[in-house]
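> Provided herewith: query.cif, mmCIF, C-alpha atoms.
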data_model
#
loop_
_atom_site.label_atom_id
_atom_site.label_comp_id
_atom_site.auth_asym_id
_atom_site.auth_seq_id
_atom_site.Cartn_x
_atom_site.Cartn_y
_atom_site.Cartn_z
CA MET A 1 0.00 0.00 0.00
CA GLN A 2 1.45 3.33 -1.07
CA ASN A 3 1.75 6.30 1.27
CA GLU A 4 -0.77 9.08 0.65
CA VAL A 5 0.76 12.55 0.52
CA ARG A 6 -1.50 15.56 1.02
CA ILE A 7 -0.42 19.08 0.19
CA VAL A 8 -1.70 21.39 2.93
CA ALA A 9 -0.80 25.04 3.55
CA GLY A 10 2.08 25.25 6.02
CA ARG A 11 2.60 21.50 6.01
CA THR A 12 6.10 21.72 4.55
CA GLU A 13 7.33 23.40 7.70
CA GLN A 14 5.44 21.13 10.10
CA ALA A 15 6.32 17.73 8.63
CA TYR A 16 9.35 18.31 6.43
CA TRP A 17 11.52 15.53 7.83
CA LYS A 18 8.60 13.11 7.78
CA ASP A 19 8.15 13.97 4.11
CA ILE A 20 11.73 12.95 3.45
CA TRP A 21 10.88 9.47 4.70
CA ASN A 22 7.62 9.41 2.73
CA TYR A 23 9.53 10.36 -0.44
CA ARG A 24 12.29 7.79 0.09
CA ASN A 25 11.26 6.05 -3.15
CA LEU A 26 11.95 9.28 -5.01
CA LEU A 27 15.46 9.33 -3.52
CA PHE A 28 16.00 5.82 -4.89
CA PHE A 29 14.62 6.84 -8.29
CA LEU A 30 16.82 9.95 -8.54
CA SER A 31 19.91 7.97 -7.55
CA TRP A 32 19.19 5.13 -9.95
CA ARG A 33 18.45 7.57 -12.78
CA ASP A 34 21.77 9.35 -12.29
CA ILE A 35 23.65 6.05 -12.18
CA LEU A 36 22.07 4.99 -15.48
CA VAL A 37 22.81 8.34 -17.11
CA ARG A 38 26.39 8.36 -15.86
CA TYR A 39 27.28 4.91 -17.17
CA LYS A 40 24.76 3.99 -19.86
CA GLN A 41 25.29 7.07 -22.00
CA THR A 42 29.10 7.13 -21.92
CA THR A 43 31.63 5.54 -24.24
CA ILE A 44 33.60 3.60 -21.64
CA GLY A 45 30.70 3.23 -19.20
CA ILE A 46 31.53 1.80 -15.82
CA LEU A 47 35.28 1.84 -16.56
CA TRP A 48 35.22 5.60 -15.92
CA ALA A 49 34.83 4.99 -12.19
CA ILE A 50 37.96 2.82 -12.30
CA LEU A 51 40.15 4.79 -14.71
CA ARG A 52 39.70 8.18 -13.04
CA PRO A 53 41.23 7.30 -9.63
CA PHE A 54 43.78 5.05 -11.33
CA PHE A 55 45.22 7.83 -13.50
CA THR A 56 45.13 10.25 -10.55
CA MET A 57 47.16 7.75 -8.56
CA LEU A 58 49.55 7.25 -11.47
CA ALA A 59 50.17 10.99 -11.87
CA PHE A 60 50.86 11.56 -8.17
CA THR A 61 53.08 8.49 -7.95
CA ILE A 62 55.23 9.72 -10.85
CA VAL A 63 55.41 13.37 -9.74
CA PHE A 64 55.79 12.98 -5.96
CA GLY A 65 57.19 9.47 -5.70
CA ALA A 66 59.50 9.05 -8.71
CA LEU A 67 60.51 12.67 -9.39
CA ALA A 68 60.24 14.47 -6.04
CA LYS A 69 61.38 11.36 -4.13
CA LEU A 70 58.96 11.96 -1.27
CA PRO A 71 58.83 9.13 1.28
CA SER A 72 56.00 6.61 1.44
CA GLN A 73 54.13 5.78 4.63
CA GLY A 74 55.84 2.93 6.46
CA ASP A 75 56.74 0.05 4.18
CA ALA A 76 53.75 0.49 1.87
CA PRO A 77 54.43 0.95 -1.87
CA TYR A 78 54.05 4.59 -2.87
CA ALA A 79 51.32 3.81 -5.42
CA LEU A 80 49.27 1.95 -2.82
CA MET A 81 49.68 4.79 -0.32
CA VAL A 82 48.46 7.30 -2.90
CA PHE A 83 45.53 5.19 -4.04
CA ALA A 84 44.34 4.70 -0.46
CA ALA A 85 44.07 8.51 -0.30
CA THR A 86 42.68 8.97 -3.81
CA LEU A 87 39.57 6.93 -3.07
CA PRO A 88 38.12 9.16 -0.30
CA TRP A 89 39.30 12.33 -2.02
CA GLN A 90 37.58 11.34 -5.27
CA LEU A 91 34.38 10.60 -3.35
CA PHE A 92 34.50 13.93 -1.51
CA SER A 93 35.36 16.19 -4.46
CA THR A 94 32.93 14.61 -6.94
CA ALA A 95 30.08 14.43 -4.42
CA LEU A 96 30.65 18.07 -3.48
CA ALA A 97 30.66 19.22 -7.12
CA ASP A 98 27.63 17.14 -8.12
CA SER A 99 25.51 18.06 -5.11
CA SER A 100 26.38 21.75 -5.49
CA ASN A 101 25.01 21.81 -9.04
CA SER A 102 22.17 19.34 -8.47
CA LEU A 103 19.24 21.77 -8.23
CA ILE A 104 20.34 23.70 -11.30
CA ASN A 105 20.68 20.45 -13.24
CA ASN A 106 17.20 19.38 -12.10
CA SER A 107 15.50 22.76 -12.50
CA ASN A 108 12.55 21.35 -14.48
CA LEU A 109 11.72 18.89 -11.71
CA VAL A 110 12.16 21.45 -8.94
CA SER A 111 9.88 24.05 -10.54
CA LYS A 112 6.98 21.73 -11.38
CA VAL A 113 6.24 19.44 -8.45
CA TYR A 114 6.48 19.48 -4.66
CA PHE A 115 8.92 17.23 -2.83
CA PRO A 116 11.62 17.89 -0.22
CA ARG A 117 14.30 19.51 -2.40
CA ILE A 118 17.05 18.27 -0.11
CA LEU A 119 16.59 14.83 -1.67
CA VAL A 120 18.25 16.05 -4.88
CA PRO A 121 21.72 16.79 -3.43
CA ILE A 122 21.45 13.72 -1.17
CA SER A 123 20.87 11.55 -4.24
CA CYS A 124 24.04 12.96 -5.83
CA VAL A 125 26.09 11.93 -2.81
CA THR A 126 24.49 8.47 -2.94
CA VAL A 127 25.49 8.05 -6.59
CA ASN A 128 29.08 8.91 -5.78
CA ILE A 129 29.14 6.31 -3.00
CA ALA A 130 28.21 3.80 -5.71
CA ASP A 131 31.16 5.10 -7.75
CA PHE A 132 33.38 4.60 -4.73
CA VAL A 133 32.35 0.95 -4.41
CA ILE A 134 33.28 0.37 -8.06
CA SER A 135 36.62 2.18 -7.66
CA PHE A 136 37.38 0.13 -4.58
CA ALA A 137 37.77 -2.89 -6.86
CA ILE A 138 41.03 -1.51 -8.24
CA LEU A 139 42.39 -1.33 -4.70
CA GLY A 140 42.00 -5.09 -4.46
CA GLY A 141 43.97 -5.43 -7.68
CA LEU A 142 46.79 -3.26 -6.35
CA ILE A 143 46.91 -5.22 -3.10
CA LEU A 144 47.26 -8.46 -5.07
CA TRP A 145 49.84 -6.90 -7.41
CA TYR A 146 52.08 -5.79 -4.55
CA ASP A 147 51.28 -8.90 -2.47
CA TYR A 148 50.43 -6.59 0.41
CA ALA A 149 48.82 -8.05 3.53
CA VAL A 150 45.63 -6.46 4.89
CA SER A 151 43.84 -6.96 8.19
CA ILE A 152 40.36 -6.85 9.66
CA GLN A 153 40.77 -3.12 10.33
CA MET A 154 39.96 -2.52 6.65
CA LEU A 155 36.32 -2.71 7.76
CA ALA A 156 36.88 0.73 9.30
CA THR A 157 36.60 2.13 5.75
CA ILE A 158 32.80 1.74 6.02
CA PRO A 159 32.24 4.45 8.69
CA LEU A 160 34.99 6.51 7.02
CA VAL A 161 33.03 6.46 3.76
CA LEU A 162 29.96 7.71 5.62
CA LEU A 163 32.05 10.46 7.23
CA THR A 164 33.35 11.50 3.80
CA ALA A 165 29.79 11.61 2.45
CA VAL A 166 28.68 13.87 5.32
CA LEU A 167 31.71 16.13 4.76
CA ALA A 168 30.67 16.53 1.12
CA LEU A 169 26.96 16.94 1.80
CA GLY A 170 27.30 19.84 4.27
CA PRO A 171 29.06 22.33 1.97
CA GLY A 172 27.22 20.73 -0.97
CA LEU A 173 23.88 21.86 0.50
CA LEU A 174 25.27 25.34 1.11
CA PHE A 175 26.67 25.75 -2.40
CA CYS A 176 23.55 24.13 -3.86
CA ALA A 177 21.31 26.79 -2.29
CA LEU A 178 23.71 29.60 -3.21
CA ASN A 179 23.87 28.39 -6.81
CA VAL A 180 20.14 28.85 -7.24
CA SER A 181 20.33 32.56 -6.42
CA TYR A 182 23.89 33.32 -7.54
CA ARG A 183 24.89 31.25 -10.56
CA ASP A 184 28.53 32.37 -10.45
CA PHE A 185 29.11 30.19 -7.36
CA ARG A 186 29.39 27.23 -9.71
CA TYR A 187 32.80 28.58 -10.80
CA LEU A 188 34.05 28.64 -7.22
CA ILE A 189 33.54 24.92 -6.62
CA PRO A 190 36.27 23.64 -9.02
CA PHE A 191 38.71 26.07 -7.41
CA VAL A 192 37.81 24.81 -3.91
CA THR A 193 38.29 21.16 -4.87
CA GLN A 194 41.50 21.84 -6.80
CA PHE A 195 43.00 23.84 -3.93
CA GLY A 196 41.88 21.21 -1.44
CA LEU A 197 43.61 18.48 -3.44
CA TYR A 198 47.02 20.06 -2.93
CA VAL A 199 46.60 20.88 0.76
CA SER A 200 45.32 17.37 1.56
CA PRO A 201 47.69 14.39 1.93
CA VAL A 202 46.64 12.70 -1.31
CA GLY A 203 49.99 12.63 -3.09
CA PHE A 204 52.20 12.72 -0.01
CA SER A 205 52.45 11.37 3.51
CA SER A 206 51.52 13.50 6.51
CA SER A 207 54.89 12.57 8.00
CA ILE A 208 56.56 15.33 5.95
CA VAL A 209 54.48 18.07 7.63
CA PRO A 210 56.55 19.93 10.30
CA GLU A 211 55.40 19.32 13.86
CA LYS A 212 54.71 23.00 14.54
CA TRP A 213 52.21 23.17 11.66
CA LEU A 214 50.39 19.91 12.40
CA TRP A 215 47.51 21.47 14.35
CA LEU A 216 46.76 23.87 11.48
CA TYR A 217 47.20 21.14 8.88
CA GLU A 218 44.81 18.83 10.72
CA LEU A 219 42.06 21.47 10.64
CA ASN A 220 41.58 20.35 7.05
CA PRO A 221 38.76 17.81 7.60
CA MET A 222 40.02 15.56 4.80
CA VAL A 223 43.31 14.97 6.64
CA GLY A 224 41.59 12.83 9.26
CA VAL A 225 39.59 10.94 6.64
CA ILE A 226 42.59 10.22 4.40
CA GLU A 227 44.85 9.21 7.26
CA GLY A 228 42.01 7.05 8.56
CA PHE A 229 41.82 5.28 5.21
CA ARG A 230 45.56 4.71 5.18
CA TRP A 231 45.44 3.33 8.69
CA ALA A 232 42.57 1.00 7.77
CA ILE A 233 43.98 -0.20 4.46
CA LEU A 234 47.76 -0.08 4.93
CA GLY A 235 48.11 -0.43 8.70
CA THR A 236 51.35 1.55 8.53
CA SER A 237 50.53 4.29 11.03
CA THR A 238 48.90 4.79 14.40
CA PHE A 239 45.19 5.50 14.52
CA PRO A 240 44.74 9.21 13.60
CA LEU A 241 42.55 10.05 16.60
CA ARG A 242 43.05 13.83 16.78
CA PRO A 243 42.56 14.61 13.06
CA LEU A 244 39.53 12.31 12.96
CA ILE A 245 37.98 14.17 15.90
CA PHE A 246 38.50 17.41 13.96
CA SER A 247 36.96 15.79 10.87
CA CYS A 248 33.87 14.62 12.78
CA LEU A 249 33.34 18.00 14.45
CA LEU A 250 33.76 19.90 11.18
CA ALA A 251 31.50 17.45 9.34
CA ALA A 252 28.74 17.96 11.91
CA GLY A 253 29.19 21.74 11.88
CA LEU A 254 29.22 22.02 8.08
CA LEU A 255 26.19 19.75 7.77
CA LEU A 256 24.24 21.85 10.29
CA ILE A 257 25.15 25.08 8.47
CA GLY A 258 24.27 23.55 5.11
CA ILE A 259 20.87 22.28 6.30
CA VAL A 260 19.95 25.54 8.02
CA TYR A 261 20.79 27.69 4.98
CA PHE A 262 19.21 25.23 2.56
CA ARG A 263 15.95 25.14 4.53
CA LYS A 264 15.96 28.92 4.90
CA THR A 265 16.11 29.48 1.14
CA GLU A 266 14.26 26.36 -0.08
CA ARG A 267 10.84 27.96 -0.31
CA ARG A 268 12.15 30.36 -2.99
CA PHE A 269 13.79 27.75 -5.21
CA ALA A 270 10.80 27.11 -7.48
CA ASP A 271 10.31 30.85 -8.09
CA ILE A 272 13.86 31.79 -9.05
CA ILE A 273 15.36 28.64 -10.51
#
Any chance you could put this one into structure tokens?

Amino acid sequence: MQNEVRIVAGRTEQAYWKDIWNYRNLLFFLSWRDILVRYKQTTIGILWAILRPFFTMLAFTIVFGALAKLPSQGDAPYALMVFAATLPWQLFSTALADSSNSLINNSNLVSKVYFPRILVPISCVTVNIADFVISFAILGGLILWYDYAVSIQMLATIPLVLLTAVLALGPGLLFCALNVSYRDFRYLIPFVTQFGLYVSPVGFSSSIVPEKWLWLYELNPMVGVIEGFRWAILGTSTFPLRPLIFSCLLAAGLLLIGIVYFRKTERRFADII
């Protein structure tokens, strides 16, 4: 039996979060639609989710590992160290970009029918988690190639993936709402992700950061996530407790800010989009 949804004046404010649950099938539909569009209508299809992090890893390994001679983390091969960081970074940056532009890309849907608009950016993050699962397959290939031993702590990647998704969703909601009113914000997002790539430990180990700058460096929420992934996958470092605490606090704060601003401006989306 399907849920009956009634549109009543003022109801959106009174039962908004209940509506999200009632429209959960729409979330599934939006996510599935985006997955089909992303892979069905491309030349290389599902290989794109594998090739993108692979070539990113290859570039960083050549530039930082072979040319700059930066040290790896413990006894892990440099390529494996980089790929363990590329996975969460790819999830974060792509989910942030897609969710930020989601309402603009779905303007026809937003302007014609009522539903909790927050489902649109959430569906974009969900799609990128599916991409992550596909990309994770290449990690297994690298582990076999290097004959590298893994342990049960690799299961810690599951909550770390969820943390990465929350980190992307918070600013994604903020930029998503801003994009509706100020279309030039879409040009800021690539700069943010590009800058973040070079100040996050994707192509290098955190061990090269001077001790006196560690506290400032760890304020980057992706530091805790990336080091957490390396701890879970490689087991070459101690558990990054302090940076992960920073990551969790910043994720919660950014999500709260994103939700508050999104809800504050949501009622105007259909009029100005």
> Neighbours of A:Asp98 within 9 Å (only C-alpha atoms; same-chain residues fewer than 3 positions away dropped), as a PyMOL selection string?
chain A and resi 93-95+101-102+121+124-125+128+172
> Nearest residue to A:Ile143 out of A:Pro77, A:Pro243, A:Pro53, A:Gly228, using all atoms listed in the file?
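Closest to A:Ile143 of all the choices is A:Pro77.
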> Which one is closest to A:Phe83: A:Ala251, A:Ala130, A:Leu139, A:Leu197? Count all atoms listed in the file.
A:Leu139
> Leaving out stretch 265-267 of chain A and any residue of its chain fewer than 5 positions from it, which residues lie within 12 Å of it when counting only C-alpha atoms, given as a PyMOL selection string?
chain A and resi 10+12-13+16+103+110-111+114-119+173-181+258-260+272-273
> Please produce an output containing C-alpha atoms for each residue in the selection, written as an mmCIF file, in the coordinates of the input.

data_model
loop_
_atom_site.group_PDB
_atom_site.id
_atom_site.type_symbol
_atom_site.label_atom_id
_atom_site.label_comp_id
_atom_site.auth_asym_id
_atom_site.auth_seq_id
_atom_site.Cartn_x
_atom_site.Cartn_y
_atom_site.Cartn_z
ATOM 1 C CA GLY A 10 2.080 25.250 6.020
ATOM 2 C CA THR A 12 6.100 21.720 4.550
ATOM 3 C CA GLU A 13 7.330 23.400 7.700
ATOM 4 C CA TYR A 16 9.350 18.310 6.430
ATOM 5 C CA LEU A 103 19.240 21.770 -8.230
ATOM 6 C CA VAL A 110 12.160 21.450 -8.940
ATOM 7 C CA SER A 111 9.880 24.050 -10.540
ATOM 8 C CA TYR A 114 6.480 19.480 -4.660
ATOM 9 C CA PHE A 115 8.920 17.230 -2.830
ATOM 10 C CA PRO A 116 11.620 17.890 -0.220
ATOM 11 C CA ARG A 117 14.300 19.510 -2.400
ATOM 12 C CA ILE A 118 17.050 18.270 -0.110
ATOM 13 C CA LEU A 119 16.590 14.830 -1.670
ATOM 14 C CA LEU A 173 23.880 21.860 0.500
ATOM 15 C CA LEU A 174 25.270 25.340 1.110
ATOM 16 C CA PHE A 175 26.670 25.750 -2.400
ATOM 17 C CA CYS A 176 23.550 24.130 -3.860
ATOM 18 C CA ALA A 177 21.310 26.790 -2.290
ATOM 19 C CA LEU A 178 23.710 29.600 -3.210
ATOM 20 C CA ASN A 179 23.870 28.390 -6.810
ATOM 21 C CA VAL A 180 20.140 28.850 -7.240
ATOM 22 C CA SER A 181 20.330 32.560 -6.420
ATOM 23 C CA GLY A 258 24.270 23.550 5.110
ATOM 24 C CA ILE A 259 20.870 22.280 6.300
ATOM 25 C CA VAL A 260 19.950 25.540 8.020
ATOM 26 C CA ILE A 272 13.860 31.790 -9.050
ATOM 27 C CA ILE A 273 15.360 28.640 -10.510
#
> Excluding same-chain residues fewer than 4 positions from A:Ala85, what lies within 10 Å of it counting only C-alpha atoms, as a list in words?
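Here the qualifying residues turn out to be Pro53, Met57, Leu80, Met81, Trp89, Gln90, Ser200, Pro201, Val202, Gly203, Phe204, Ser205, Met222, Val223, Val225, Ile226, Glu227, Gly228, Phe229, Arg230 and Ile233 of chain A.
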> When you count all atoms listed in the file, which of these residues is closest to A:Ala84: A:Asn220, A:Thr157, A:Gln194, A:Ser207?
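Looking at the shortest contact to A:Ala84, the residue is A:Thr157.
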> Which one is closest to A:Leu27: A:Val127, A:Ile152, A:Leu167, A:Ile46? Count all atoms listed in the file.
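Answer, going by the shortest atom-to-atom distance: A:Val127.
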> Determine the nearest neighbour of A:Tyr148 from the options A:Pro240, A:Gly196, A:Gly235, A:Gly253, counting only C-alpha atoms.
A:Gly235
> Write out as a PyMOL selection string each polymer residue whose atoms come within 12 Å of A:Val63, counting only C-alpha atoms; drop sequence neighbours fewer than 4 positions from it.
chain A and resi 56-59+67-70+78-79+82+203-204
> Which residue gives the smallest distance to A:Pro190 among A:Ala97, A:Ala137, A:Ile208, A:Leu254, with only C-alpha atoms counted?
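The answer is A:Ala97, which sits nearest to A:Pro190.
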